[in-house]
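Pasting entry20.cif here (mmCIF, C-alpha atoms):
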```cif
data_input
#
loop_
_atom_site.group_PDB
_atom_site.id
_atom_site.type_symbol
_atom_site.label_atom_id
_atom_site.label_comp_id
_atom_site.auth_asym_id
_atom_site.auth_seq_id
_atom_site.Cartn_x
_atom_site.Cartn_y
_atom_site.Cartn_z
ATOM 1 C CA MET H 299 0.000 0.000 0.000
ATOM 2 C CA ALA H 300 1.378 3.436 -0.910
ATOM 3 C CA LEU H 301 2.006 6.032 1.765
ATOM 4 C CA ALA H 302 -0.866 8.157 0.489
ATOM 5 C CA ASP H 303 -3.159 5.129 0.523
ATOM 6 C CA ARG H 304 -2.124 4.236 4.071
ATOM 7 C CA SER H 305 -2.693 7.836 5.157
ATOM 8 C CA LEU H 306 -6.158 7.866 3.558
ATOM 9 C CA ALA H 307 -7.025 4.529 5.148
ATOM 10 C CA ARG H 308 -5.911 5.762 8.566
ATOM 11 C CA ARG H 309 -7.939 8.977 8.242
ATOM 12 C CA THR H 310 -10.968 6.943 7.178
ATOM 13 C CA LEU H 311 -10.544 4.588 10.139
ATOM 14 C CA LEU H 312 -10.170 7.458 12.582
ATOM 15 C CA THR H 313 -13.152 9.320 11.135
ATOM 16 C CA THR H 314 -15.327 6.213 11.228
ATOM 17 C CA THR H 315 -14.266 5.382 14.779
ATOM 18 C CA ALA H 316 -14.939 8.943 15.908
ATOM 19 C CA ALA H 317 -18.349 8.925 14.261
ATOM 20 C CA LEU H 318 -19.290 5.614 15.868
ATOM 21 C CA THR H 319 -18.007 6.781 19.234
ATOM 22 C CA GLY H 320 -19.907 10.059 18.919
ATOM 23 C CA ALA H 321 -23.075 8.220 17.950
ATOM 24 C CA ALA H 322 -22.690 5.895 20.900
ATOM 25 C CA LEU H 323 -22.141 8.813 23.248
ATOM 26 C CA LEU H 324 -25.131 10.686 21.880
ATOM 27 C CA GLY H 325 -27.281 7.587 22.118
ATOM 28 C CA GLY H 326 -26.075 6.971 25.632
ATOM 29 C CA THR H 327 -26.736 10.583 26.604
ATOM 30 C CA ALA H 328 -30.222 10.532 25.095
ATOM 31 C CA HIS H 329 -30.991 7.225 26.790
ATOM 32 C CA ALA H 330 -29.715 8.495 30.134
ATOM 33 C CA ALA H 331 -31.767 11.685 29.834
ATOM 34 C CA GLU H 332 -34.911 9.708 29.006
ATOM 35 C CA THR H 333 -34.279 7.312 31.890
ATOM 36 C CA ARG H 334 -33.696 10.215 34.264
ATOM 37 C CA GLN H 335 -36.889 11.968 33.189
ATOM 38 C CA ALA H 336 -38.868 8.747 33.618
ATOM 39 C CA ALA H 337 -38.050 8.958 37.333
ATOM 40 C CA TRP H 338 -39.389 12.515 37.547
ATOM 41 C CA PRO H 339 -42.904 12.918 38.987
ATOM 42 C CA ALA H 340 -45.732 12.569 36.472
ATOM 43 C CA GLN H 341 -48.056 14.458 38.818
ATOM 44 C CA PHE H 342 -47.322 17.124 41.388
ATOM 45 C CA PRO H 343 -49.364 19.534 43.501
ATOM 46 C CA LEU H 344 -49.887 23.230 42.961
ATOM 47 C CA PRO H 345 -50.795 25.545 45.843
ATOM 48 C CA ASP H 346 -54.285 25.136 47.301
ATOM 49 C CA GLY H 347 -56.672 27.762 45.972
ATOM 50 C CA PHE H 348 -54.229 28.705 43.188
ATOM 51 C CA GLN H 349 -56.706 28.301 40.274
ATOM 52 C CA PRO H 350 -54.116 27.529 37.559
ATOM 53 C CA GLU H 351 -54.800 28.137 33.885
ATOM 54 C CA GLY H 352 -51.635 28.755 31.872
ATOM 55 C CA ILE H 353 -48.306 26.934 31.746
ATOM 56 C CA THR H 354 -44.996 27.656 30.066
ATOM 57 C CA ILE H 355 -41.622 25.869 30.065
ATOM 58 C CA GLY H 356 -38.467 27.519 28.808
ATOM 59 C CA SER H 357 -34.951 26.226 28.163
ATOM 60 C CA ARG H 358 -34.604 24.666 31.623
ATOM 61 C CA PRO H 359 -36.774 22.017 33.326
ATOM 62 C CA TYR H 360 -39.003 24.395 35.240
ATOM 63 C CA ALA H 361 -42.699 24.994 34.617
ATOM 64 C CA TYR H 362 -44.342 28.346 35.296
ATOM 65 C CA PHE H 363 -48.051 28.497 36.101
ATOM 66 C CA GLY H 364 -50.351 31.525 36.231
ATOM 67 C CA SER H 365 -53.151 32.009 38.777
ATOM 68 C CA LEU H 366 -56.666 33.086 37.858
ATOM 69 C CA ALA H 367 -57.277 33.881 41.524
ATOM 70 C CA ASN H 368 -54.715 36.654 41.986
ATOM 71 C CA GLY H 369 -52.244 36.549 39.090
ATOM 72 C CA ASP H 370 -49.388 34.985 41.055
ATOM 73 C CA ILE H 371 -46.737 33.017 39.149
ATOM 74 C CA TYR H 372 -45.698 29.636 40.561
ATOM 75 C CA ARG H 373 -42.514 27.920 39.392
ATOM 76 C CA ALA H 374 -42.156 24.140 39.806
ATOM 77 C CA SER H 375 -39.136 21.934 39.202
ATOM 78 C CA LEU H 376 -40.031 19.167 36.763
ATOM 79 C CA ALA H 377 -37.368 16.969 38.368
ATOM 80 C CA THR H 378 -38.852 17.112 41.869
ATOM 81 C CA GLY H 379 -42.329 18.610 41.582
ATOM 82 C CA ARG H 380 -41.491 21.138 44.276
ATOM 83 C CA GLY H 381 -41.951 24.837 43.677
ATOM 84 C CA LYS H 382 -42.679 28.302 45.006
ATOM 85 C CA ILE H 383 -44.348 31.592 44.129
ATOM 86 C CA VAL H 384 -41.818 33.655 42.172
ATOM 87 C CA ALA H 385 -43.964 36.679 41.260
ATOM 88 C CA LYS H 386 -46.998 38.296 42.843
ATOM 89 C CA GLY H 387 -49.951 39.263 40.701
ATOM 90 C CA ALA H 388 -51.329 42.095 42.864
ATOM 91 C CA GLY H 389 -54.853 40.753 42.507
ATOM 92 C CA ARG H 390 -54.886 40.862 38.704
ATOM 93 C CA PRO H 391 -55.453 37.456 37.048
ATOM 94 C CA THR H 392 -52.937 35.641 34.877
ATOM 95 C CA VAL H 393 -54.390 33.424 32.161
ATOM 96 C CA GLY H 394 -51.985 32.405 29.377
ATOM 97 C CA LEU H 395 -48.257 32.991 29.718
ATOM 98 C CA LYS H 396 -45.027 32.361 27.813
ATOM 99 C CA ILE H 397 -41.396 32.666 28.818
ATOM 100 C CA GLY H 398 -39.026 34.293 26.357
ATOM 101 C CA ARG H 399 -35.416 35.406 26.191
ATOM 102 C CA HIS H 400 -33.698 36.642 29.350
ATOM 103 C CA ASP H 401 -36.369 34.853 31.440
ATOM 104 C CA ARG H 402 -38.996 37.446 30.584
ATOM 105 C CA LEU H 403 -42.572 36.264 31.137
ATOM 106 C CA PHE H 404 -45.372 37.567 28.926
ATOM 107 C CA LEU H 405 -48.700 37.393 30.762
ATOM 108 C CA ALA H 406 -52.270 37.591 29.482
ATOM 109 C CA GLY H 407 -54.305 39.442 32.091
ATOM 110 C CA GLY H 408 -57.782 38.024 31.510
ATOM 111 C CA ASP H 409 -60.636 40.366 32.430
ATOM 112 C CA SER H 410 -58.198 43.041 33.606
ATOM 113 C CA GLY H 411 -57.631 43.746 29.913
ATOM 114 C CA GLU H 412 -53.921 43.972 30.607
ATOM 115 C CA ILE H 413 -50.746 42.525 29.159
ATOM 116 C CA ARG H 414 -47.878 42.314 31.643
ATOM 117 C CA THR H 415 -44.202 41.452 31.380
ATOM 118 C CA VAL H 416 -42.412 40.060 34.418
ATOM 119 C CA ASP H 417 -38.782 39.219 35.145
ATOM 120 C CA ALA H 418 -38.970 35.555 36.169
ATOM 121 C CA ARG H 419 -35.668 35.799 38.051
ATOM 122 C CA SER H 420 -36.503 38.763 40.273
ATOM 123 C CA GLY H 421 -40.293 38.482 40.207
ATOM 124 C CA GLU H 422 -40.565 42.170 39.372
ATOM 125 C CA THR H 423 -43.241 43.448 37.010
ATOM 126 C CA GLU H 424 -41.473 45.233 34.159
ATOM 127 C CA GLN H 425 -44.330 46.716 32.152
ATOM 128 C CA VAL H 426 -48.126 46.810 32.198
ATOM 129 C CA TYR H 427 -49.982 47.504 28.953
ATOM 130 C CA ALA H 428 -53.674 48.393 28.758
ATOM 131 C CA THR H 429 -55.311 46.877 25.678
ATOM 132 C CA GLY H 430 -58.864 48.141 26.082
ATOM 133 C CA GLY H 431 -59.848 44.495 25.707
ATOM 134 C CA THR H 432 -62.389 42.419 27.579
ATOM 135 C CA PHE H 433 -60.583 39.115 28.276
ATOM 136 C CA VAL H 434 -56.941 38.786 27.232
ATOM 137 C CA ASN H 435 -56.588 35.006 27.151
ATOM 138 C CA ASP H 436 -53.482 33.427 25.631
ATOM 139 C CA VAL H 437 -50.127 34.352 24.111
ATOM 140 C CA ILE H 438 -47.550 33.082 21.607
ATOM 141 C CA LEU H 439 -44.104 34.501 20.951
ATOM 142 C CA THR H 440 -42.838 35.056 17.413
ATOM 143 C CA PRO H 441 -39.601 36.708 16.277
ATOM 144 C CA GLY H 442 -39.987 40.333 17.298
ATOM 145 C CA ALA H 443 -43.491 40.187 18.789
ATOM 146 C CA ALA H 444 -45.851 38.618 21.309
ATOM 147 C CA TRP H 445 -49.410 37.905 20.143
ATOM 148 C CA PHE H 446 -52.437 37.726 22.439
ATOM 149 C CA THR H 447 -56.020 36.580 21.950
ATOM 150 C CA ASP H 448 -59.167 38.253 23.296
ATOM 151 C CA SER H 449 -61.976 35.805 23.987
ATOM 152 C CA PHE H 450 -64.832 38.314 23.663
ATOM 153 C CA LYS H 451 -63.609 40.565 20.846
ATOM 154 C CA PRO H 452 -62.622 39.637 17.246
ATOM 155 C CA VAL H 453 -59.095 41.006 17.585
ATOM 156 C CA LEU H 454 -55.525 40.007 18.344
ATOM 157 C CA TYR H 455 -53.073 42.170 20.274
ATOM 158 C CA ARG H 456 -49.497 42.511 19.028
ATOM 159 C CA LEU H 457 -46.861 43.602 21.504
ATOM 160 C CA ALA H 458 -43.663 44.735 19.803
ATOM 161 C CA LYS H 459 -41.020 47.328 20.637
ATOM 162 C CA GLY H 460 -42.860 48.363 23.778
ATOM 163 C CA ALA H 461 -46.182 49.134 22.084
ATOM 164 C CA VAL H 462 -49.466 47.254 21.687
ATOM 165 C CA THR H 463 -51.280 47.207 18.340
ATOM 166 C CA THR H 464 -54.818 45.895 17.896
ATOM 167 C CA VAL H 465 -55.289 43.694 14.820
ATOM 168 C CA PRO H 466 -58.966 43.126 13.833
ATOM 169 C CA LEU H 467 -59.860 39.581 12.736
ATOM 170 C CA THR H 468 -61.649 39.342 9.396
ATOM 171 C CA GLY H 469 -62.275 36.790 6.633
ATOM 172 C CA ASP H 470 -63.652 33.475 7.948
ATOM 173 C CA TRP H 471 -63.537 34.627 11.557
ATOM 174 C CA GLN H 472 -66.872 34.232 13.341
ATOM 175 C CA GLN H 473 -67.312 35.844 16.727
ATOM 176 C CA GLY H 474 -69.738 33.988 18.963
ATOM 177 C CA PRO H 475 -72.054 35.498 21.586
ATOM 178 C CA ASP H 476 -69.820 34.074 24.331
ATOM 179 C CA PHE H 477 -66.252 32.810 24.746
ATOM 180 C CA THR H 478 -64.708 32.508 21.247
ATOM 181 C CA ALA H 479 -60.932 32.959 20.765
ATOM 182 C CA ASN H 480 -58.739 30.896 23.029
ATOM 183 C CA GLY H 481 -55.308 29.282 22.425
ATOM 184 C CA ILE H 482 -52.809 30.594 19.889
ATOM 185 C CA GLU H 483 -49.808 29.098 18.079
ATOM 186 C CA ARG H 484 -47.704 29.534 14.931
ATOM 187 C CA THR H 485 -48.058 27.537 11.747
ATOM 188 C CA PRO H 486 -45.268 25.005 11.032
ATOM 189 C CA ASP H 487 -43.746 27.312 8.405
ATOM 190 C CA GLY H 488 -43.886 30.265 10.829
ATOM 191 C CA ARG H 489 -45.683 32.520 8.367
ATOM 192 C CA ALA H 490 -49.054 32.714 10.089
ATOM 193 C CA LEU H 491 -50.833 32.222 13.396
ATOM 194 C CA LEU H 492 -53.251 29.508 14.489
ATOM 195 C CA VAL H 493 -56.090 30.503 16.814
ATOM 196 C CA ALA H 494 -58.627 28.221 18.488
ATOM 197 C CA ASN H 495 -62.150 29.455 17.691
ATOM 198 C CA ASP H 496 -64.646 27.709 19.980
ATOM 199 C CA PHE H 497 -67.687 28.957 18.056
ATOM 200 C CA ALA H 498 -67.239 28.885 14.267
ATOM 201 C CA ASN H 499 -68.559 25.690 12.654
ATOM 202 C CA GLY H 500 -68.912 24.011 16.026
ATOM 203 C CA GLY H 501 -65.367 24.868 17.064
ATOM 204 C CA GLY H 502 -62.069 24.596 15.219
ATOM 205 C CA LEU H 503 -58.920 26.413 14.178
ATOM 206 C CA MET H 504 -58.367 29.603 12.227
ATOM 207 C CA ARG H 505 -55.205 30.420 10.302
ATOM 208 C CA VAL H 506 -54.582 34.167 10.679
ATOM 209 C CA ASP H 507 -52.376 36.327 8.482
ATOM 210 C CA PRO H 508 -50.440 38.413 11.038
ATOM 211 C CA ARG H 509 -50.083 41.325 8.618
ATOM 212 C CA THR H 510 -53.782 41.764 7.859
ATOM 213 C CA GLY H 511 -55.753 39.788 10.438
ATOM 214 C CA ALA H 512 -57.488 37.866 7.642
ATOM 215 C CA ALA H 513 -58.583 34.480 9.011
ATOM 216 C CA ARG H 514 -59.100 31.243 7.115
ATOM 217 C CA ALA H 515 -60.702 28.160 8.621
ATOM 218 C CA VAL H 516 -58.233 25.271 8.907
ATOM 219 C CA ASP H 517 -59.501 22.057 7.309
ATOM 220 C CA LEU H 518 -59.560 19.500 10.137
ATOM 221 C CA GLY H 519 -61.836 17.066 8.335
ATOM 222 C CA ALA H 520 -64.658 15.960 10.605
ATOM 223 C CA ALA H 521 -62.833 16.973 13.808
ATOM 224 C CA LYS H 522 -64.291 19.734 15.983
ATOM 225 C CA LEU H 523 -62.816 21.784 18.832
ATOM 226 C CA PRO H 524 -65.838 23.108 20.744
ATOM 227 C CA ASN H 525 -63.747 23.541 23.889
ATOM 228 C CA GLY H 526 -60.375 24.151 22.247
ATOM 229 C CA ASP H 527 -58.053 25.790 24.741
ATOM 230 C CA GLY H 528 -54.255 25.677 24.832
ATOM 231 C CA LEU H 529 -52.355 24.853 21.631
ATOM 232 C CA LEU H 530 -48.839 23.431 21.337
ATOM 233 C CA LEU H 531 -46.983 22.867 18.068
ATOM 234 C CA LEU H 532 -44.021 20.480 17.998
ATOM 235 C CA GLY H 533 -42.704 20.241 14.458
ATOM 236 C CA ARG H 534 -45.870 19.592 12.462
ATOM 237 C CA ILE H 535 -47.736 17.913 15.325
ATOM 238 C CA LEU H 536 -50.349 20.120 16.955
ATOM 239 C CA TYR H 537 -51.681 19.333 20.425
ATOM 240 C CA ALA H 538 -55.046 20.989 21.140
ATOM 241 C CA VAL H 539 -56.364 20.762 24.695
ATOM 242 C CA GLN H 540 -60.113 20.157 24.910
ATOM 243 C CA GLN H 541 -60.692 21.134 28.495
ATOM 244 C CA ARG H 542 -64.277 19.983 29.134
ATOM 245 C CA GLN H 543 -63.611 16.718 27.293
ATOM 246 C CA ASN H 544 -60.584 16.034 29.531
ATOM 247 C CA ALA H 545 -58.618 15.319 26.376
ATOM 248 C CA ILE H 546 -55.857 16.457 24.044
ATOM 249 C CA ASP H 547 -56.671 16.145 20.344
ATOM 250 C CA VAL H 548 -53.601 15.587 18.182
ATOM 251 C CA PHE H 549 -53.278 16.660 14.543
ATOM 252 C CA ARG H 550 -50.602 16.485 11.867
ATOM 253 C CA LEU H 551 -50.547 19.789 9.980
ATOM 254 C CA ASN H 552 -49.242 20.669 6.566
ATOM 255 C CA ASP H 553 -46.456 23.263 6.526
ATOM 256 C CA ALA H 554 -48.751 26.199 5.818
ATOM 257 C CA GLY H 555 -51.166 25.198 8.577
ATOM 258 C CA THR H 556 -54.154 25.222 6.239
ATOM 259 C CA ARG H 557 -55.000 21.552 6.778
ATOM 260 C CA GLY H 558 -54.746 19.105 9.659
ATOM 261 C CA THR H 559 -55.244 15.361 9.917
ATOM 262 C CA ALA H 560 -56.485 13.956 13.211
ATOM 263 C CA ILE H 561 -54.015 11.412 14.626
ATOM 264 C CA THR H 562 -55.391 10.497 18.025
ATOM 265 C CA ARG H 563 -57.003 11.736 21.220
ATOM 266 C CA LEU H 564 -55.019 11.575 24.477
ATOM 267 C CA THR H 565 -56.980 11.082 27.690
ATOM 268 C CA ASP H 566 -55.940 10.236 31.224
ATOM 269 C CA PRO H 567 -57.884 9.484 34.416
ATOM 270 C CA ARG H 568 -55.820 12.166 36.161
ATOM 271 C CA PHE H 569 -57.211 14.909 33.904
ATOM 272 C CA ARG H 570 -59.483 17.266 35.841
ATOM 273 C CA ILE H 571 -60.281 19.790 33.132
ATOM 274 C CA PRO H 572 -56.755 20.603 31.918
ATOM 275 C CA THR H 573 -56.491 23.879 30.079
ATOM 276 C CA THR H 574 -53.054 24.421 28.548
ATOM 277 C CA VAL H 575 -50.008 22.370 27.645
ATOM 278 C CA ALA H 576 -46.212 22.688 27.471
ATOM 279 C CA ALA H 577 -43.474 20.175 26.690
ATOM 280 C CA TRP H 578 -40.176 19.011 28.122
ATOM 281 C CA GLY H 579 -38.359 15.998 26.711
ATOM 282 C CA ARG H 580 -40.924 13.400 25.665
ATOM 283 C CA ARG H 581 -43.541 14.620 28.106
ATOM 284 C CA LEU H 582 -46.476 17.002 27.929
ATOM 285 C CA TYR H 583 -47.330 18.915 31.098
ATOM 286 C CA LEU H 584 -50.801 20.279 31.839
ATOM 287 C CA PRO H 585 -52.372 22.144 34.786
ATOM 288 C CA ASN H 586 -55.753 20.880 35.987
ATOM 289 C CA ALA H 587 -57.990 23.948 36.217
ATOM 290 C CA ARG H 588 -60.948 22.100 37.782
ATOM 291 C CA PHE H 589 -63.539 24.422 36.235
ATOM 292 C CA ASP H 590 -66.265 21.979 37.309
ATOM 293 C CA VAL H 591 -65.941 22.881 41.001
ATOM 294 C CA GLU H 592 -66.518 26.124 42.877
ATOM 295 C CA PRO H 593 -63.040 27.430 43.753
ATOM 296 C CA THR H 594 -62.224 28.064 47.395
ATOM 297 C CA PRO H 595 -58.983 28.966 49.194
ATOM 298 C CA THR H 596 -58.567 25.273 50.085
ATOM 299 C CA THR H 597 -59.430 23.712 46.701
ATOM 300 C CA ASP H 598 -56.588 21.406 45.660
ATOM 301 C CA TYR H 599 -54.923 21.740 42.254
ATOM 302 C CA ASP H 600 -52.182 19.848 40.473
ATOM 303 C CA ALA H 601 -50.284 19.388 37.215
ATOM 304 C CA VAL H 602 -49.942 16.111 35.329
ATOM 305 C CA ALA H 603 -47.605 14.768 32.670
ATOM 306 C CA VAL H 604 -48.361 12.413 29.774
ATOM 307 C CA ARG H 605 -46.172 11.148 26.960
ATOM 308 C CA GLN H 606 -46.109 12.835 23.589
ATOM 309 C CA VAL H 607 -47.418 11.047 20.545
#
```
Go ahead and express the file in the form of C-alpha cells.
Amino acid sequence: MALADRSLARRTLLTTTAALTGAALLGGTAHAAETRQAAWPAQFPLPDGFQPEGITIGSRPYAYFGSLANGDIYRASLATGRGKIVAKGAGRPTVGLKIGRHDRLFLAGGDSGEIRTVDARSGETEQVYATGGTFVNDVILTPGAAWFTDSFKPVLYRLAKGAVTTVPLTGDWQQGPDFTANGIERTPDGRALLVANDFANGGGLMRVDPRTGAARAVDLGAAKLPNGDGLLLLGRILYAVQQRQNAIDVFRLNDAGTRGTAITRLTDPRFRIPTTVAAWGRRLYLPNARFDVEPTPTTDYDAVAVRQV
C-alpha cells in the first residue's frame, strides 16, 4: 500500500471510529436523559386555591403556572415537583403565559384587559400595557413580537417594541355570543398564526395572516374543537387541549397550517379539566384547572404529565 493510501485509510478509520463513538455517546446521553426523566414525577401539587390556567416551560426544566385567583406566578421543578411563588400578581389574574429570552414572562391578564411582562428571576413586574380588551386570554411569541387573543372581541393584540397594536380579525372569523378565541400558536412554516375558535362551525382552528388579520378556517376534516383551549406545536404535530372533554386532540398539519389530519385523542384518568399544555423531553405537562368545582382557598390543584405522541 502506498504512503498516500495508508494515510487515507488511517484517516478513514479514525473518522469512522470517531463517528461511531460520537453516535454511541449521543445515544447513551439521550438514553440516560430519558431514563432520568422517567423517574421525575408525572403528577405534582400546585398551591391550594391557586386556580391555575396557563403553563410555560423555557430552556430549563421548570414549569411556570399563572393564577386566575390573583395573578401569582408559581414555578415548579419538573425533576422534583417542588416549587414556590416567584412573582406576585397584585390581585390581577394571569391566564396564558409564555417565557421568552432573558427569562422574561409575557402574561395575558384576563378580564383586567392587561398585558404584563415580568422578570422571572426577580419576580418584578417590568411593564403593564392596557389593551382596552375584555378578556386577554393566551399568548404566543414570534420573532420580534408577542401575540395575544381576546376571547370576547374579534381582535388580536401585538406587543412589539414596547407598544401594543390591535389587529382586527376578518375573513372566515366568526365571533360567537360568548367565549370565542382561546389558544394561539404559529403555523409550522412560521408565516401565520393559528387561533382556536370555539364557536365557528362548532369549534375549530383559524389560520390568521399576522399582517392583515385575515382568518381562514383550517380544514380539520370531521374533527371539531368546541372547547379548544391551549395549543402546542411540535414540528408539524399540533396538540389541542379540549378542556371539558378532559382530552388532548392531536393533529398532523401541513407546513402552511391550512389543513390538519387527526391522529389520536389523548386522555388520562388524572385529567381534571386541563387547560393548557407545554413540553419538556418526551412529556407534555398540563395544569388541571378544575372548572367543574366552585373554587375556594382550600381547593386542591395539580399538574400532570403524559407522553407525547
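A straight line drawn from atom CA of Lys396 of chain H to atom CA of Thr468 of chain H is 25.8 Å long.
Put simply, the PyMOL selection byres ((chain H and resi 587) around 8) on this file hits Gln349, Pro350, Glu351, Arg570, Ile571, Pro572, Thr573, Pro585, Asn586, Arg588, Phe589 and Tyr599 of chain H.
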Dump of C-alpha atoms for the selected residues, as a PDB file, in the coordinates of the input:
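Here's the written file out35.pdb:
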```pdb
ATOM      1  CA  GLN H 349     -56.706  28.301  40.274  1.00  0.00           C
ATOM      2  CA  PRO H 350     -54.116  27.529  37.559  1.00  0.00           C
ATOM      3  CA  GLU H 351     -54.800  28.137  33.885  1.00  0.00           C
ATOM      4  CA  ARG H 570     -59.483  17.266  35.841  1.00  0.00           C
ATOM      5  CA  ILE H 571     -60.281  19.790  33.132  1.00  0.00           C
ATOM      6  CA  PRO H 572     -56.755  20.603  31.918  1.00  0.00           C
ATOM      7  CA  THR H 573     -56.491  23.879  30.079  1.00  0.00           C
ATOM      8  CA  PRO H 585     -52.372  22.144  34.786  1.00  0.00           C
ATOM      9  CA  ASN H 586     -55.753  20.880  35.987  1.00  0.00           C
ATOM     10  CA  ARG H 588     -60.948  22.100  37.782  1.00  0.00           C
ATOM     11  CA  PHE H 589     -63.539  24.422  36.235  1.00  0.00           C
ATOM     12  CA  TYR H 599     -54.923  21.740  42.254  1.00  0.00           C
TER      13      TYR H 599
END
```
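Selection by the PyMOL selection byres ((chain H and resi 444-447) around 7) on the present file picks out Val434, Asn435, Asp436, Val437, Ile438, Leu439, Thr440, Ala443, Asp448, Ser449, Val453, Leu454, Tyr455, Arg456, Leu457, Ala458, Ala479 and Asn480 of chain H.
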inquiry  = On this structure, the PyMOL selection byres ((chain H and resi 414) around 8) would catch which residues? List them as a PyMOL selection string, sorted by chain and number.
reply    = chain H and resi 404-407+412-413+415-416+423-427
Could those selected residues go to a file with C-alpha atoms, as an mmCIF file, keeping the file's coordinate frame?
```cif
data_model
loop_
_atom_site.group_PDB
_atom_site.id
_atom_site.type_symbol
_atom_site.label_atom_id
_atom_site.label_comp_id
_atom_site.auth_asym_id
_atom_site.auth_seq_id
_atom_site.Cartn_x
_atom_site.Cartn_y
_atom_site.Cartn_z
ATOM 1 C CA PHE H 404 -45.372 37.567 28.926
ATOM 2 C CA LEU H 405 -48.700 37.393 30.762
ATOM 3 C CA ALA H 406 -52.270 37.591 29.482
ATOM 4 C CA GLY H 407 -54.305 39.442 32.091
ATOM 5 C CA GLU H 412 -53.921 43.972 30.607
ATOM 6 C CA ILE H 413 -50.746 42.525 29.159
ATOM 7 C CA THR H 415 -44.202 41.452 31.380
ATOM 8 C CA VAL H 416 -42.412 40.060 34.418
ATOM 9 C CA THR H 423 -43.241 43.448 37.010
ATOM 10 C CA GLU H 424 -41.473 45.233 34.159
ATOM 11 C CA GLN H 425 -44.330 46.716 32.152
ATOM 12 C CA VAL H 426 -48.126 46.810 32.198
ATOM 13 C CA TYR H 427 -49.982 47.504 28.953
#
```
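For the atom pair formed by atom CA of Leu491 of chain H and atom CA of Tyr372 of chain H, the distance is 27.8 Å, given to one decimal.
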Would you compute, for all listed atoms of segment 465-480 of chain H, the axis-aligned bounding box grown by 4 Å on each side, and then report its centre and edge lengths in Å rounded to one decimal, as JSON?
```
{"center_x": -63.7, "center_y": 37.3, "center_z": 15.7, "size_x": 24.8, "size_y": 20.8, "size_z": 26.1}
```
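For the pair atom CA of Phe450 of chain H and atom CA of Ile482 of chain H, the separation is 14.8 Å.
Considering the residues H:Tyr583, H:Arg390, H:Val604, H:Asp553 and counting only C-alpha atoms, Ile355 of chain H has its shortest atom-to-atom contact with H:Tyr583.
Using all atoms listed in the file for every distance, the candidate list H:Thr378, H:Arg568, H:Ala554, H:Thr485 yields H:Thr378 as the residue closest to Ala336 of chain H.
Distances to Phe363 of chain H were evaluated for H:Gln541, H:Asn552, H:Gln473, H:Thr392 using all atoms listed in the file, and the minimum falls at H:Thr392.
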Long-range neighbours of segment 523-539 of chain H as a compact mmCIF listing (two decimals) with C-alpha atoms, in the frame of the given file, 9 Å cut-off, only C-alpha atoms, 3 positions minimum in chain:
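New file result.txt:
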```txt
# COMPACT_ATOMS: atom_id res chain seq x y z
CA GLY H 352 -51.64 28.76 31.87
CA GLY H 394 -51.98 32.40 29.38
CA ASP H 436 -53.48 33.43 25.63
CA ALA H 479 -60.93 32.96 20.76
CA ASN H 480 -58.74 30.90 23.03
CA GLY H 481 -55.31 29.28 22.42
CA ILE H 482 -52.81 30.59 19.89
CA GLU H 483 -49.81 29.10 18.08
CA ARG H 484 -47.70 29.53 14.93
CA THR H 485 -48.06 27.54 11.75
CA PRO H 486 -45.27 25.00 11.03
CA ASP H 487 -43.75 27.31 8.40
CA LEU H 492 -53.25 29.51 14.49
CA VAL H 493 -56.09 30.50 16.81
CA ALA H 494 -58.63 28.22 18.49
CA ASN H 495 -62.15 29.46 17.69
CA ASP H 496 -64.65 27.71 19.98
CA PHE H 497 -67.69 28.96 18.06
CA ALA H 498 -67.24 28.88 14.27
CA ASN H 499 -68.56 25.69 12.65
CA GLY H 500 -68.91 24.01 16.03
CA GLY H 501 -65.37 24.87 17.06
CA GLY H 502 -62.07 24.60 15.22
CA LEU H 503 -58.92 26.41 14.18
CA ARG H 542 -64.28 19.98 29.13
CA GLN H 543 -63.61 16.72 27.29
CA ASN H 544 -60.58 16.03 29.53
CA ALA H 545 -58.62 15.32 26.38
CA ILE H 546 -55.86 16.46 24.04
CA ASP H 547 -56.67 16.14 20.34
CA VAL H 548 -53.60 15.59 18.18
CA PHE H 549 -53.28 16.66 14.54
CA ARG H 550 -50.60 16.48 11.87
CA LEU H 551 -50.55 19.79 9.98
CA ASN H 552 -49.24 20.67 6.57
CA ASP H 553 -46.46 23.26 6.53
CA GLY H 555 -51.17 25.20 8.58
CA GLY H 558 -54.75 19.10 9.66
CA PRO H 572 -56.76 20.60 31.92
CA THR H 573 -56.49 23.88 30.08
CA THR H 574 -53.05 24.42 28.55
CA VAL H 575 -50.01 22.37 27.64
CA ALA H 576 -46.21 22.69 27.47
CA ALA H 577 -43.47 20.18 26.69
CA VAL H 607 -47.42 11.05 20.54
```
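Among the candidates H:Ala337, H:Ile561, H:Leu467, H:Leu584, the residue lying nearest to Tyr362 of chain H is H:Leu584 (atoms considered: all atoms listed in the file).
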Restricting to all atoms listed in the file, whichever of H:Gly442, H:Gly347, H:Pro339, H:Gly421 is closest to Thr597 of chain H is H:Gly347
Taking (-47.6, 29.6, 48.7) as a centre in this file's frame and 7 Å as the limit, can you find every polymer residue with an atom that close, using all atoms listed in the file, and give them as a PyMOL selection string? chain H and resi 345+382-383
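Distance annotation: of H:Pro359, H:Gly519, H:Gly408, H:Gly379, the residue with the minimal separation from Gly579 of chain H is H:Pro359; atom set is only C-alpha atoms.
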